[in-house]
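Engineer: Dumping the structure here so I can ask a few things about it.
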Amino acid sequence: MAQAQFGMIGLGVMGENLALNIEDHGFSVAVWNLEGEWADRFIAANPGKKLVGTKTFEELTRAIERPRRIMMMIKAGAPVDMTIDKIAPCLEPGDVLIDGGNSYFKDTQERTRRLEAKGIHFVGSGVSGGEEGARFGPSLMPGGSDESWQAIKPVFEAIAARSDSGPCVTHVGTDGAGHYVKMVHNGIEYGDMQLIAEAYEMLRRGLGATAEDLASIFEEWNRGPLESYLIEITAHIFRVKDPTSGAPLVDKVLDKAGQKGTGKWTAQVALDLAVPVPTIAAAIDARVLSSMKEERVAASGVLRGPGTVQKPGDRKQFVADVHDALYASKICSYAQGMALIQAGSREWSWKIDMREMARIWKAGCIIRARFLDSIMRAYERRPELPNLLLDDEFAQHVTTSQAAWRRAVSFAQSNGVAVPAMSGSLAYFDAYRTADLPQNLTQAQRDYFGSHTYQRNDQGPDAKFVHTDWAHT
């Protein structure tokens, strides 16, 4: 039998579906799983397909043509290093090993150095789109050497989702660039989901909107500038009934949101690189607070909010205000995420093409949205744009939405409705557009108690740092 053209390690949901996607596009695939019977079941469940089951790494590597292209779809962390250690002796210079899990990008950088010292290429690739994306077309974010990209390009371009801008895959950059971009992508996803949850909460608490009302509102929003996968599925969620009670199923879901770590990494790296990401950070905090269910229930019996909740006077206007607040906040969230990608690109010399990042997210991935066309245009106009808010199109959107945005956030805060991400976005916008911030006082305090020095604002941008003995002046 002819050798397989690609290898897949790990036959969980993502690995199985990617293997079938690859085979659909004309590439024979050799598969391996820690539990060997999984591979047997997979082959038996897909008769007639160009799939080869293997039981050992020696057998797997013998079954694949050179240079070998092998993808790992396994749990991030120690399992990746254990797998690398076991398969590396079976690989040869020029072979390409791909990690398609959500690994931390600095781990990917270290693994790249370790394997490239042996002449083996290592690719850390973001894979977005979940089970359906893996099967029928994900958004792929591979990072690695130019040689590794040329080796995997035919397969990745074939299996990626396609939009009107082409296949949703590009060579992001060297070593950890792919996993870094996927990390920030997930941080943006956290922000998007939290902003939608806050819009839902304002409509539910402010208007008393039913699930049926909410489904209609979100369906309408999905026909405008907010059109996206997340808005689409939100509308659908509101229409699903609980088979037991007949009530909306969403009302039966416990309000404890989980997380897998990529959002947390986004916030941590943002702090390291001094990039403000308040919307994303607020989304992470909101999930952590949601997990404190028992404590919140106890606190709800002790702590009181506003005495009376004021209902909006004009229902139609309120829905429009929440829409505009959601859109403006979303712009700020993406502005933060894209600025963080640029900062990482500078820090690790990845030369990431920002237009390409927006392009490859247009289909297949969780944050796919009409909005990404506007981001592409922004970077076409100005490839080195430091912040999306400085693009004329986005500046106009935010300016037009500003009054509604402030009304919506003010309503929420006045009525005790927590909107940390929308509030964070608005504060980010207000701080970013302000020439003179109150941190002159902060720096004076630092100099007072710690002699940290300061620069005078009347001596130009290169003013020398000076110290004042404030206590005795």
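In the structure tokens, chains take letters A, B, ... by order of appearance, with residues numbered from 1 within each chain and ligands from 1 in the order shown.
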DSSP on the backbone, strand (DSSP E) only: what residues of stretch 36-109 of chain A does that give? Format it as a PyMOL selection string.
Structural biologist: chain A and resi 51-53+69-72+96-99
Engineer: Considering only C-alpha atoms, return as a ChimeraX atom specification whatever protein or nucleic-acid residues lie within 10 Å of A:Phe429, sequence-local ones (same chain, fewer than 2 positions apart) excluded.
Structural biologist: /A:328-329,331-332,389,398,402,423-427,431-434
Engineer: Once you have the residues from the selection above, write them out as an mmCIF file, in the first residue's frame, restricted to N, CA and C atoms.
Structural biologist:
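That gives us again.cif:
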```cif
data_model
loop_
_atom_site.group_PDB
_atom_site.id
_atom_site.type_symbol
_atom_site.label_atom_id
_atom_site.label_comp_id
_atom_site.auth_asym_id
_atom_site.auth_seq_id
_atom_site.Cartn_x
_atom_site.Cartn_y
_atom_site.Cartn_z
ATOM 1 N N ALA A 328 -20.191 49.538 19.657
ATOM 2 C CA ALA A 328 -19.055 50.398 20.013
ATOM 3 C C ALA A 328 -18.102 49.667 20.966
ATOM 4 N N SER A 329 -18.669 48.926 21.911
ATOM 5 C CA SER A 329 -17.834 48.168 22.849
ATOM 6 C C SER A 329 -17.047 47.089 22.125
ATOM 7 N N ILE A 331 -15.986 47.223 19.036
ATOM 8 C CA ILE A 331 -14.883 47.891 18.345
ATOM 9 C C ILE A 331 -13.705 48.069 19.309
ATOM 10 N N CYS A 332 -13.991 48.514 20.526
ATOM 11 C CA CYS A 332 -12.920 48.714 21.510
ATOM 12 C C CYS A 332 -12.258 47.400 21.893
ATOM 13 N N LEU A 389 -9.226 52.404 16.659
ATOM 14 C CA LEU A 389 -9.989 53.617 16.924
ATOM 15 C C LEU A 389 -9.478 54.811 16.123
ATOM 16 N N VAL A 398 -17.792 54.784 16.218
ATOM 17 C CA VAL A 398 -17.806 54.995 17.668
ATOM 18 C C VAL A 398 -18.401 56.356 18.002
ATOM 19 N N GLN A 402 -21.778 56.987 20.211
ATOM 20 C CA GLN A 402 -21.349 57.415 21.542
ATOM 21 C C GLN A 402 -22.492 57.787 22.479
ATOM 22 N N SER A 423 -18.615 48.820 30.308
ATOM 23 C CA SER A 423 -18.035 49.933 31.062
ATOM 24 C C SER A 423 -16.540 50.037 30.793
ATOM 25 N N GLY A 424 -15.868 48.871 30.714
ATOM 26 C CA GLY A 424 -14.438 48.855 30.422
ATOM 27 C C GLY A 424 -14.135 49.409 29.051
ATOM 28 N N SER A 425 -14.969 49.047 28.072
ATOM 29 C CA SER A 425 -14.775 49.575 26.718
ATOM 30 C C SER A 425 -14.949 51.090 26.682
ATOM 31 N N LEU A 426 -15.995 51.571 27.369
ATOM 32 C CA LEU A 426 -16.245 53.011 27.372
ATOM 33 C C LEU A 426 -15.125 53.755 28.082
ATOM 34 N N ALA A 427 -14.641 53.224 29.190
ATOM 35 C CA ALA A 427 -13.530 53.865 29.908
ATOM 36 C C ALA A 427 -12.268 53.856 29.050
ATOM 37 N N ALA A 431 -10.400 57.230 27.982
ATOM 38 C CA ALA A 431 -8.999 57.453 28.352
ATOM 39 C C ALA A 431 -8.127 57.613 27.111
ATOM 40 N N TYR A 432 -8.380 56.784 26.080
ATOM 41 C CA TYR A 432 -7.540 56.819 24.879
ATOM 42 C C TYR A 432 -7.688 58.138 24.121
ATOM 43 N N ARG A 433 -8.890 58.739 24.183
ATOM 44 C CA ARG A 433 -9.119 59.978 23.439
ATOM 45 C C ARG A 433 -8.762 61.228 24.249
ATOM 46 N N THR A 434 -8.281 61.046 25.495
ATOM 47 C CA THR A 434 -8.012 62.179 26.374
ATOM 48 C C THR A 434 -6.527 62.543 26.356
#
```
Engineer: Which residues, written as a ChimeraX atom specification, have at least one atom at most 10 Å from A:Ala134, with only C-alpha atoms counted and residues fewer than 3 positions away on the same chain left out?
Structural biologist: /A:13-22,127-131,137-140,159-161,364-365
Engineer: For A:Glu189, find every residue with an atom within 12 Å (counting only C-alpha atoms), except residues of its own chain fewer than 6 positions away, and show them as a VMD selection string.
Structural biologist: chain A and resid 128 to 129 182 to 183 195 to 196 228 to 230 259 262 to 263 266 279 to 281 283 to 284 330 333 to 334 337 361 365 to 369
Engineer: Those same residues, written as a compact mmCIF listing (two decimals), in the first residue's frame with N, CA and C atoms?
Structural biologist:
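part_7.txt, written as the output of this step:
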```
# COMPACT_ATOMS: atom_id res chain seq x y z
N SER A 128 -9.39 27.11 15.02
CA SER A 128 -10.63 27.65 15.57
C SER A 128 -11.82 27.19 14.76
N GLY A 129 -12.92 26.95 15.45
CA GLY A 129 -14.15 26.57 14.77
C GLY A 129 -14.86 25.42 15.41
N LYS A 182 -3.69 32.78 18.22
CA LYS A 182 -4.86 32.03 18.68
C LYS A 182 -5.22 32.41 20.11
N MET A 183 -4.21 32.64 20.94
CA MET A 183 -4.45 33.06 22.32
C MET A 183 -5.22 34.38 22.34
N LEU A 195 -19.74 40.79 26.23
CA LEU A 195 -20.51 41.96 25.78
C LEU A 195 -21.92 41.55 25.37
N ILE A 196 -22.04 40.40 24.70
CA ILE A 196 -23.36 39.91 24.31
C ILE A 196 -24.18 39.56 25.56
N SER A 228 -22.85 38.12 12.91
CA SER A 228 -21.72 37.29 13.29
C SER A 228 -22.23 35.93 13.73
N TYR A 229 -21.31 35.00 13.84
CA TYR A 229 -21.65 33.66 14.32
C TYR A 229 -22.21 33.70 15.74
N LEU A 230 -21.58 34.49 16.62
CA LEU A 230 -22.01 34.53 18.01
C LEU A 230 -23.40 35.15 18.17
N GLN A 259 -13.76 28.28 31.79
CA GLN A 259 -12.69 28.81 30.95
C GLN A 259 -11.54 27.82 30.94
N THR A 262 -6.81 30.23 27.95
CA THR A 262 -6.26 31.14 26.94
C THR A 262 -6.64 32.59 27.21
N GLY A 263 -7.84 32.82 27.75
CA GLY A 263 -8.23 34.18 28.09
C GLY A 263 -7.34 34.74 29.19
N THR A 266 -4.06 35.73 27.83
CA THR A 266 -4.15 36.99 27.08
C THR A 266 -3.97 38.18 28.02
N THR A 279 -11.50 45.44 28.35
CA THR A 279 -12.71 44.70 27.99
C THR A 279 -12.47 43.21 28.14
N ILE A 280 -11.34 42.74 27.64
CA ILE A 280 -11.00 41.32 27.73
C ILE A 280 -10.80 40.93 29.20
N ALA A 281 -10.09 41.77 29.96
CA ALA A 281 -9.85 41.48 31.38
C ALA A 281 -11.17 41.43 32.14
N ALA A 283 -14.04 40.56 30.94
CA ALA A 283 -14.73 39.32 30.56
C ALA A 283 -14.20 38.14 31.37
N ILE A 284 -12.90 38.12 31.61
CA ILE A 284 -12.30 37.05 32.42
C ILE A 284 -12.79 37.17 33.86
N LYS A 330 -17.67 46.46 21.14
CA LYS A 330 -17.01 45.43 20.34
C LYS A 330 -15.82 46.02 19.58
N SER A 333 -13.05 46.34 22.02
CA SER A 333 -12.50 45.04 22.37
C SER A 333 -11.53 44.54 21.29
N TYR A 334 -11.94 44.67 20.04
CA TYR A 334 -11.06 44.26 18.94
C TYR A 334 -9.85 45.17 18.85
N GLY A 337 -7.42 43.83 21.30
CA GLY A 337 -6.83 42.56 20.86
C GLY A 337 -5.84 42.74 19.73
N TRP A 361 -9.98 35.16 9.88
CA TRP A 361 -11.04 34.96 10.87
C TRP A 361 -12.43 35.15 10.26
N CYS A 365 -14.07 30.30 12.10
CA CYS A 365 -13.77 30.47 13.52
C CYS A 365 -14.95 31.02 14.30
N ILE A 366 -14.84 30.99 15.61
CA ILE A 366 -15.94 31.39 16.49
C ILE A 366 -16.24 32.89 16.39
N ILE A 367 -15.23 33.71 16.12
CA ILE A 367 -15.46 35.16 16.08
C ILE A 367 -15.69 35.67 14.66
N ARG A 368 -16.02 34.77 13.73
CA ARG A 368 -16.29 35.21 12.37
C ARG A 368 -17.47 36.19 12.36
N ALA A 369 -17.31 37.28 11.56
CA ALA A 369 -18.30 38.35 11.59
C ALA A 369 -18.13 39.26 10.39
```
Engineer: For atom CA of A:Ile360 and atom CA of A:Trp149, quote the distance in Å rounded to one decimal.
Structural biologist: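 Distance reported for this atom pair: 15.6 Å.
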Engineer: For A:Trp405, list every protein, DNA or RNA residue within 7 Å, evaluated using only C-alpha atoms, and leave out those in the same chain fewer than 6 positions away; present the list as a ChimeraX atom specification.
Structural biologist: /A:321,324-325
Engineer: Could you check the closest approach to A:Val172 for each of A:Tyr327, A:Phe218, A:Trp350, A:Phe42 and tell me which residue wins, using only C-alpha atoms?
Structural biologist: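 Selected residue with least distance to A:Val172: A:Trp350.
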Engineer: Would you pick out the contacts of A:Val52 at 8 Å or less, using only C-alpha atoms, so that residues sharing its chain but fewer than 3 positions from it are not included, and give the list as an mmCIF file with all heavy atoms, in the first residue's frame?
Structural biologist:
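See selection_25.cif below for the written result:
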```
data_model
loop_
_atom_site.group_PDB
_atom_site.id
_atom_site.type_symbol
_atom_site.label_atom_id
_atom_site.label_comp_id
_atom_site.auth_asym_id
_atom_site.auth_seq_id
_atom_site.Cartn_x
_atom_site.Cartn_y
_atom_site.Cartn_z
ATOM 1 N N ALA A 4 0.920 6.990 3.475
ATOM 2 C CA ALA A 4 -0.029 8.081 3.717
ATOM 3 C C ALA A 4 0.675 9.422 3.534
ATOM 4 O O ALA A 4 1.901 9.532 3.655
ATOM 5 C CB ALA A 4 -0.599 7.971 5.132
ATOM 6 N N SER A 28 -4.360 11.015 1.912
ATOM 7 C CA SER A 28 -4.480 9.832 2.765
ATOM 8 C C SER A 28 -3.875 10.136 4.135
ATOM 9 O O SER A 28 -2.893 10.875 4.244
ATOM 10 C CB SER A 28 -3.775 8.640 2.123
ATOM 11 O OG SER A 28 -2.447 8.974 1.746
ATOM 12 N N VAL A 29 -4.481 9.563 5.201
ATOM 13 C CA VAL A 29 -4.103 9.934 6.557
ATOM 14 C C VAL A 29 -3.822 8.689 7.397
ATOM 15 O O VAL A 29 -4.640 7.771 7.470
ATOM 16 C CB VAL A 29 -5.228 10.748 7.246
ATOM 17 C CG1 VAL A 29 -4.772 11.232 8.626
ATOM 18 C CG2 VAL A 29 -5.649 11.938 6.390
ATOM 19 N N ALA A 30 -2.646 8.677 8.047
ATOM 20 C CA ALA A 30 -2.323 7.639 9.028
ATOM 21 C C ALA A 30 -2.650 8.200 10.402
ATOM 22 O O ALA A 30 -2.330 9.361 10.698
ATOM 23 C CB ALA A 30 -0.846 7.260 8.949
ATOM 24 N N VAL A 31 -3.322 7.392 11.240
ATOM 25 C CA VAL A 31 -3.775 7.896 12.532
ATOM 26 C C VAL A 31 -3.209 7.053 13.674
ATOM 27 O O VAL A 31 -2.918 5.867 13.527
ATOM 28 C CB VAL A 31 -5.313 7.925 12.614
ATOM 29 C CG1 VAL A 31 -5.889 8.820 11.527
ATOM 30 C CG2 VAL A 31 -5.901 6.519 12.517
ATOM 31 N N ILE A 43 -11.228 3.652 12.107
ATOM 32 C CA ILE A 43 -11.063 3.065 10.776
ATOM 33 C C ILE A 43 -12.312 2.267 10.398
ATOM 34 O O ILE A 43 -12.832 2.382 9.276
ATOM 35 C CB ILE A 43 -9.823 2.145 10.736
ATOM 36 C CG1 ILE A 43 -8.541 2.936 11.060
ATOM 37 C CG2 ILE A 43 -9.702 1.473 9.374
ATOM 38 C CD1 ILE A 43 -8.202 4.036 10.101
ATOM 39 N N ALA A 63 4.525 4.702 8.131
ATOM 40 C CA ALA A 63 3.359 4.720 7.235
ATOM 41 C C ALA A 63 3.213 6.021 6.457
ATOM 42 O O ALA A 63 2.363 6.119 5.576
ATOM 43 C CB ALA A 63 2.094 4.473 8.049
#
```
Engineer: Please list as a ChimeraX atom specification every residue within 12 Å of A:Asp391, counting only C-alpha atoms and excluding residues in the same chain fewer than 4 positions away.
Structural biologist: /A:331,335,374-387,395-399
Engineer: Taking the backbone alone, and naming residues the way the document does, which bits of stretch 89-296 of chain A are alpha helix (DSSP H) by DSSP, as an NGL selection string?
Structural biologist: :A and (105-116 or 130-136 or 146-159 or 177-207 or 211-221 or 229-239 or 262-272 or 278-291 or 293-296)
